Amino acid sequence: AQRVTQPEKLLSVFKGAPVELKCNYSYSGSPELFWYVQYSRQRLQLLLRHISRESIKGFTADLNKGETSFHLKKPFAQEEDSAMYYCALSPGAGSYQLTFGKGTKLSVIP
Amino acid sequence: DAGVIQSPRHEVTEMGQEVTLRCKPISGHNSLFWYRQTMMRGLELLIYFNNNVPIDDSGMPEDRFSAKMPNASFSTLKIQPSEPRDSAVYFCASSPLKRPNVLTFGAGSRLTVL
């Protein structure tokens with residue numbers, strides 16, 4: 001069975017500081033990894049997928065299969081980045097299954 | 001498209017009452033999901049429909065929970081009878097055929113059972 005671990009429930013950083021939200025997973029195959037974000041009073045929405053290899057709102061995430069990690073990073077945090085961030089794993093592109101971590105609340109201090 | 005639409009947004013009820021949550025997925029999406037979110041357990045998949053057919057209901061907690069999808073544009077999640085431990089936010093999500101694991105979520109229904 002797959003498992004996603006986000007070790008930090010809460011992460012506080014100052015505006016302009018680098019951000020790294022940690023995500024570790026356990027799965028024996030070749031998973032697809034995602035980051036979802038939920039801003040205050042908004043719905044949960046997809047932030048990025050590892051297979052897209054894109055940067056969204058300045059965030060990037062690299063899949064490290066050796067360390068089974070998919071950490072989310074941004075070089076300079078902005079106040080509008082404050083939100084709940086969820087890492088999620090799917091067994092593969094054609095699978096409907098999506099296992100979520102418990103989320104990390106990012107608070108950017110002005 | 002208005003996205004995934006859920007109703008009600010908030011529901012407060014008393015233990016033992018029936019609760020019905022509703023969802024309208026994005027037009028053209030053929031997968032629909034119901035998730036439950038609690039502080040203790042995070043986001044849990046309750047049930048997954050594909051082309052209106054329930055494919056995976058292994059996450060449905062017990063017989064008090066039931067879900068239907070009578071057509072491609074409507075689904076319900078029913079709890080009867082409700083209990084205080086059912087208090088949670090219930091999310092509906094849908095996804096397209098080619099990307100079943102790329103979900104678009106609704107705003108959620110916050111249920112409080114007294």
# chains A, B, ... in the order shown; residues from 1 in each chain; ligands from 1
$ interface_residues --of "chain A" --to "chain B" --cutoff "12 Å" --atoms "only C-alpha atoms" --output "PyMOL selection string"
chain A and resi 4-6+9+31-51+84-104
$ residues_around --residues "region 76-86 of chain B" --least-positions-apart "4" --cutoff "7 Å" --atoms "only C-alpha atoms" --output "number ranges by chain"
B: 15-23, 64-69, 113-114
$ select_by_dssp --residues "chain B" --states "strand (DSSP E or B)" --output "ChimeraX atom specification"
/B:5-7,10-13,19-24,31-38,42-50,53-56,65-71,74-79,88-95,104-105,109-113
$ residues_around --residues "Thr68 (chain A)" --least-positions-apart "4" --cutoff "9 Å" --atoms "only C-alpha atoms" --output "PDB file with all heavy atoms, in the first residue's frame"
ATOM      1  N   CYS A  23       7.898  16.196   1.785  1.00  0.00           N
ATOM      2  CA  CYS A  23       6.982  15.099   1.480  1.00  0.00           C
ATOM      3  C   CYS A  23       7.800  13.847   1.227  1.00  0.00           C
ATOM      4  O   CYS A  23       8.689  13.854   0.378  1.00  0.00           O
ATOM      5  CB  CYS A  23       6.138  15.428   0.255  1.00  0.00           C
ATOM      6  SG  CYS A  23       5.120  14.045  -0.330  1.00  0.00           S
ATOM      7  N   ASN A  24       7.497  12.812   1.955  1.00  0.00           N
ATOM      8  CA  ASN A  24       8.121  11.511   1.729  1.00  0.00           C
ATOM      9  C   ASN A  24       7.032  10.486   1.442  1.00  0.00           C
ATOM     10  O   ASN A  24       5.917  10.600   1.955  1.00  0.00           O
ATOM     11  CB  ASN A  24       8.934  11.081   2.956  1.00  0.00           C
ATOM     12  CG  ASN A  24      10.152  11.952   3.142  1.00  0.00           C
ATOM     13  OD1 ASN A  24      10.108  12.935   3.887  1.00  0.00           O
ATOM     14  ND2 ASN A  24      11.228  11.621   2.460  1.00  0.00           N
ATOM     15  N   TYR A  25       7.362   9.521   0.633  1.00  0.00           N
ATOM     16  CA  TYR A  25       6.349   8.540   0.272  1.00  0.00           C
ATOM     17  C   TYR A  25       6.909   7.140   0.355  1.00  0.00           C
ATOM     18  O   TYR A  25       8.129   6.939   0.356  1.00  0.00           O
ATOM     19  CB  TYR A  25       5.815   8.815  -1.136  1.00  0.00           C
ATOM     20  CG  TYR A  25       6.821   8.617  -2.246  1.00  0.00           C
ATOM     21  CD1 TYR A  25       6.978   7.373  -2.865  1.00  0.00           C
ATOM     22  CD2 TYR A  25       7.633   9.672  -2.665  1.00  0.00           C
ATOM     23  CE1 TYR A  25       7.905   7.184  -3.865  1.00  0.00           C
ATOM     24  CE2 TYR A  25       8.557   9.494  -3.680  1.00  0.00           C
ATOM     25  CZ  TYR A  25       8.692   8.252  -4.275  1.00  0.00           C
ATOM     26  OH  TYR A  25       9.615   8.076  -5.276  1.00  0.00           O
ATOM     27  N   SER A  26       6.013   6.191   0.424  1.00  0.00           N
ATOM     28  CA  SER A  26       6.410   4.797   0.334  1.00  0.00           C
ATOM     29  C   SER A  26       5.518   4.131  -0.699  1.00  0.00           C
ATOM     30  O   SER A  26       4.285   4.179  -0.603  1.00  0.00           O
ATOM     31  CB  SER A  26       6.290   4.082   1.692  1.00  0.00           C
ATOM     32  OG  SER A  26       4.961   4.081   2.141  1.00  0.00           O
ATOM     33  N   TYR A  27       6.165   3.586  -1.699  1.00  0.00           N
ATOM     34  CA  TYR A  27       5.465   2.880  -2.774  1.00  0.00           C
ATOM     35  C   TYR A  27       6.507   2.123  -3.562  1.00  0.00           C
ATOM     36  O   TYR A  27       7.558   2.670  -3.902  1.00  0.00           O
ATOM     37  CB  TYR A  27       4.709   3.857  -3.674  1.00  0.00           C
ATOM     38  CG  TYR A  27       3.933   3.175  -4.773  1.00  0.00           C
ATOM     39  CD1 TYR A  27       2.831   2.378  -4.466  1.00  0.00           C
ATOM     40  CD2 TYR A  27       4.298   3.317  -6.103  1.00  0.00           C
ATOM     41  CE1 TYR A  27       2.126   1.736  -5.462  1.00  0.00           C
ATOM     42  CE2 TYR A  27       3.592   2.670  -7.105  1.00  0.00           C
ATOM     43  CZ  TYR A  27       2.513   1.881  -6.774  1.00  0.00           C
ATOM     44  OH  TYR A  27       1.818   1.245  -7.761  1.00  0.00           O
ATOM     45  N   LEU A  63      11.098  15.013  -7.966  1.00  0.00           N
ATOM     46  CA  LEU A  63      10.911  13.663  -7.451  1.00  0.00           C
ATOM     47  C   LEU A  63      12.274  13.007  -7.269  1.00  0.00           C
ATOM     48  O   LEU A  63      13.036  12.882  -8.228  1.00  0.00           O
ATOM     49  CB  LEU A  63      10.057  12.848  -8.427  1.00  0.00           C
ATOM     50  CG  LEU A  63       9.781  11.394  -8.044  1.00  0.00           C
ATOM     51  CD1 LEU A  63       9.037  11.321  -6.724  1.00  0.00           C
ATOM     52  CD2 LEU A  63       8.990  10.697  -9.142  1.00  0.00           C
ATOM     53  N   ASN A  64      12.583  12.616  -6.056  1.00  0.00           N
ATOM     54  CA  ASN A  64      13.834  11.934  -5.750  1.00  0.00           C
ATOM     55  C   ASN A  64      13.495  10.493  -5.400  1.00  0.00           C
ATOM     56  O   ASN A  64      13.089  10.193  -4.291  1.00  0.00           O
ATOM     57  CB  ASN A  64      14.535  12.623  -4.575  1.00  0.00           C
ATOM     58  CG  ASN A  64      15.912  12.048  -4.298  1.00  0.00           C
ATOM     59  OD1 ASN A  64      16.133  10.841  -4.410  1.00  0.00           O
ATOM     60  ND2 ASN A  64      16.854  12.918  -3.949  1.00  0.00           N
TER      61      ASN A  64
END
$ closest_residue --among "B:Lys24, B:Pro70, B:Met60, B:Leu46" --to "Pro8 (chain B)" --atoms "only C-alpha atoms"
B:Lys24
$ residues_around --residues "Phe59 (chain A)" --least-positions-apart "3" --cutoff "8 Å" --atoms "only C-alpha atoms" --output "list in words"
Ser55, Ile56, Leu72, Lys73 and Lys74 of chain A
$ write_last_selection --atoms "N, CA, C and O atoms" --output "mmCIF file, in the first residue's frame"
data_model
loop_
_atom_site.group_PDB
_atom_site.id
_atom_site.type_symbol
_atom_site.label_atom_id
_atom_site.label_comp_id
_atom_site.auth_asym_id
_atom_site.auth_seq_id
_atom_site.Cartn_x
_atom_site.Cartn_y
_atom_site.Cartn_z
ATOM 1 N N SER A 55 7.155 25.047 -13.094
ATOM 2 C CA SER A 55 7.183 25.907 -11.911
ATOM 3 C C SER A 55 5.878 26.688 -11.890
ATOM 4 O O SER A 55 5.524 27.348 -12.863
ATOM 5 N N ILE A 56 5.151 26.557 -10.785
ATOM 6 C CA ILE A 56 3.880 27.241 -10.647
ATOM 7 C C ILE A 56 3.975 28.196 -9.464
ATOM 8 O O ILE A 56 4.339 27.780 -8.359
ATOM 9 N N LEU A 72 8.545 20.315 -1.834
ATOM 10 C CA LEU A 72 8.106 21.513 -2.548
ATOM 11 C C LEU A 72 8.967 22.689 -2.107
ATOM 12 O O LEU A 72 9.128 22.931 -0.903
ATOM 13 N N LYS A 73 9.480 23.431 -3.089
ATOM 14 C CA LYS A 73 10.425 24.498 -2.747
ATOM 15 C C LYS A 73 10.075 25.793 -3.449
ATOM 16 O O LYS A 73 9.505 25.799 -4.551
ATOM 17 N N LYS A 74 10.428 26.871 -2.782
ATOM 18 C CA LYS A 74 10.305 28.199 -3.385
ATOM 19 C C LYS A 74 11.414 29.048 -2.813
ATOM 20 O O LYS A 74 11.618 29.081 -1.598
#
$ closest_residue --among "B:Phe74, B:Ile26, B:Gly3, B:Ile47" --to "Glu62 (chain B)" --atoms "only C-alpha atoms"
B:Ile47
$ atom_distance --atom1 "CA of Ile5 (chain B)" --atom2 "CA of Arg36 (chain B)"
15.9 Å
$ closest_residue --among "A:Ala61, A:Val13, A:Ala83, A:Val19" --to "Ile109 (chain A)" --atoms "only C-alpha atoms"
A:Val13
$ closest_residue --among "A:Lys22, A:Glu79, A:Phe14, A:Glu54" --to "Glu67 (chain A)" --atoms "only C-alpha atoms"
A:Lys22
$ decode --residues "region 88-101 of chain B" --atoms "all heavy atoms" --output "short mmCIF file (atom, residue, chain, number, x, y, z; two decimals), in the first residue's frame"
data_model
loop_
_atom_site.label_atom_id
_atom_site.label_comp_id
_atom_site.auth_asym_id
_atom_site.auth_seq_id
_atom_site.Cartn_x
_atom_site.Cartn_y
_atom_site.Cartn_z
N ALA B 88 -17.31 16.36 9.75
CA ALA B 88 -16.12 16.46 8.89
C ALA B 88 -16.46 17.39 7.74
O ALA B 88 -17.60 17.87 7.61
CB ALA B 88 -15.73 15.09 8.35
N VAL B 89 -15.47 17.62 6.89
CA VAL B 89 -15.73 18.28 5.62
C VAL B 89 -15.72 17.20 4.54
O VAL B 89 -14.77 16.41 4.45
CB VAL B 89 -14.67 19.35 5.30
CG1 VAL B 89 -15.01 20.03 3.97
CG2 VAL B 89 -14.61 20.40 6.41
N TYR B 90 -16.77 17.18 3.76
CA TYR B 90 -16.90 16.18 2.69
C TYR B 90 -16.68 16.87 1.36
O TYR B 90 -17.36 17.84 1.02
CB TYR B 90 -18.28 15.53 2.75
CG TYR B 90 -18.44 14.66 3.98
CD1 TYR B 90 -18.78 15.21 5.21
CD2 TYR B 90 -18.22 13.29 3.92
CE1 TYR B 90 -18.90 14.42 6.34
CE2 TYR B 90 -18.34 12.49 5.05
CZ TYR B 90 -18.67 13.07 6.26
OH TYR B 90 -18.78 12.29 7.38
N PHE B 91 -15.70 16.36 0.63
CA PHE B 91 -15.36 16.93 -0.67
C PHE B 91 -15.79 15.99 -1.79
O PHE B 91 -15.62 14.78 -1.71
CB PHE B 91 -13.85 17.15 -0.80
CG PHE B 91 -13.32 18.28 0.02
CD1 PHE B 91 -12.68 18.04 1.22
CD2 PHE B 91 -13.44 19.59 -0.41
CE1 PHE B 91 -12.17 19.08 1.98
CE2 PHE B 91 -12.94 20.64 0.34
CZ PHE B 91 -12.30 20.39 1.55
N CYS B 92 -16.31 16.61 -2.81
CA CYS B 92 -16.55 15.91 -4.06
C CYS B 92 -15.50 16.41 -5.05
O CYS B 92 -15.09 17.58 -5.01
CB CYS B 92 -17.95 16.23 -4.57
SG CYS B 92 -18.37 15.46 -6.15
N ALA B 93 -15.04 15.52 -5.91
CA ALA B 93 -14.07 15.88 -6.94
C ALA B 93 -14.38 15.11 -8.20
O ALA B 93 -14.98 14.03 -8.15
CB ALA B 93 -12.65 15.59 -6.46
N SER B 94 -13.97 15.66 -9.33
CA SER B 94 -14.12 14.94 -10.59
C SER B 94 -12.84 15.05 -11.39
O SER B 94 -11.99 15.91 -11.13
CB SER B 94 -15.32 15.48 -11.38
OG SER B 94 -15.10 16.79 -11.84
N SER B 95 -12.70 14.14 -12.35
CA SER B 95 -11.51 14.14 -13.19
C SER B 95 -11.86 13.64 -14.58
O SER B 95 -12.84 12.91 -14.76
CB SER B 95 -10.40 13.27 -12.57
OG SER B 95 -10.76 11.92 -12.51
N PRO B 96 -11.04 14.00 -15.58
CA PRO B 96 -11.34 13.60 -16.95
C PRO B 96 -10.81 12.20 -17.25
O PRO B 96 -9.98 11.65 -16.53
CB PRO B 96 -10.60 14.65 -17.78
CG PRO B 96 -9.46 15.07 -16.93
CD PRO B 96 -9.92 14.95 -15.51
N LEU B 97 -11.26 11.69 -18.36
CA LEU B 97 -10.92 10.33 -18.76
C LEU B 97 -9.42 10.12 -18.88
O LEU B 97 -8.87 9.15 -18.37
CB LEU B 97 -11.61 10.00 -20.08
CG LEU B 97 -11.27 8.64 -20.70
CD1 LEU B 97 -11.78 7.51 -19.82
CD2 LEU B 97 -11.88 8.52 -22.10
N LYS B 98 -8.75 11.04 -19.54
CA LYS B 98 -7.33 10.83 -19.82
C LYS B 98 -6.44 11.09 -18.62
O LYS B 98 -5.27 10.68 -18.62
CB LYS B 98 -6.91 11.72 -20.99
CG LYS B 98 -7.53 11.31 -22.31
CD LYS B 98 -6.97 12.12 -23.47
CE LYS B 98 -7.56 11.63 -24.79
NZ LYS B 98 -7.03 12.39 -25.95
N ARG B 99 -6.98 11.76 -17.63
CA ARG B 99 -6.18 12.06 -16.43
C ARG B 99 -7.00 11.77 -15.18
O ARG B 99 -7.40 12.67 -14.45
CB ARG B 99 -5.74 13.52 -16.41
CG ARG B 99 -4.88 13.94 -17.58
CD ARG B 99 -4.49 15.39 -17.44
NE ARG B 99 -3.78 15.89 -18.62
CZ ARG B 99 -3.40 17.14 -18.77
NH1 ARG B 99 -3.65 18.02 -17.84
NH2 ARG B 99 -2.76 17.51 -19.87
N PRO B 100 -7.26 10.50 -14.93
CA PRO B 100 -8.16 10.18 -13.82
C PRO B 100 -7.65 10.61 -12.45
O PRO B 100 -8.43 10.75 -11.51
CB PRO B 100 -8.29 8.65 -13.91
CG PRO B 100 -7.08 8.21 -14.64
CD PRO B 100 -6.77 9.31 -15.62
N ASN B 101 -6.34 10.80 -12.33
CA ASN B 101 -5.80 11.17 -11.03
C ASN B 101 -5.53 12.67 -10.89
O ASN B 101 -4.91 13.10 -9.94
CB ASN B 101 -4.53 10.36 -10.72
CG ASN B 101 -3.45 10.57 -11.75
OD1 ASN B 101 -3.57 11.41 -12.63
ND2 ASN B 101 -2.38 9.78 -11.66
#
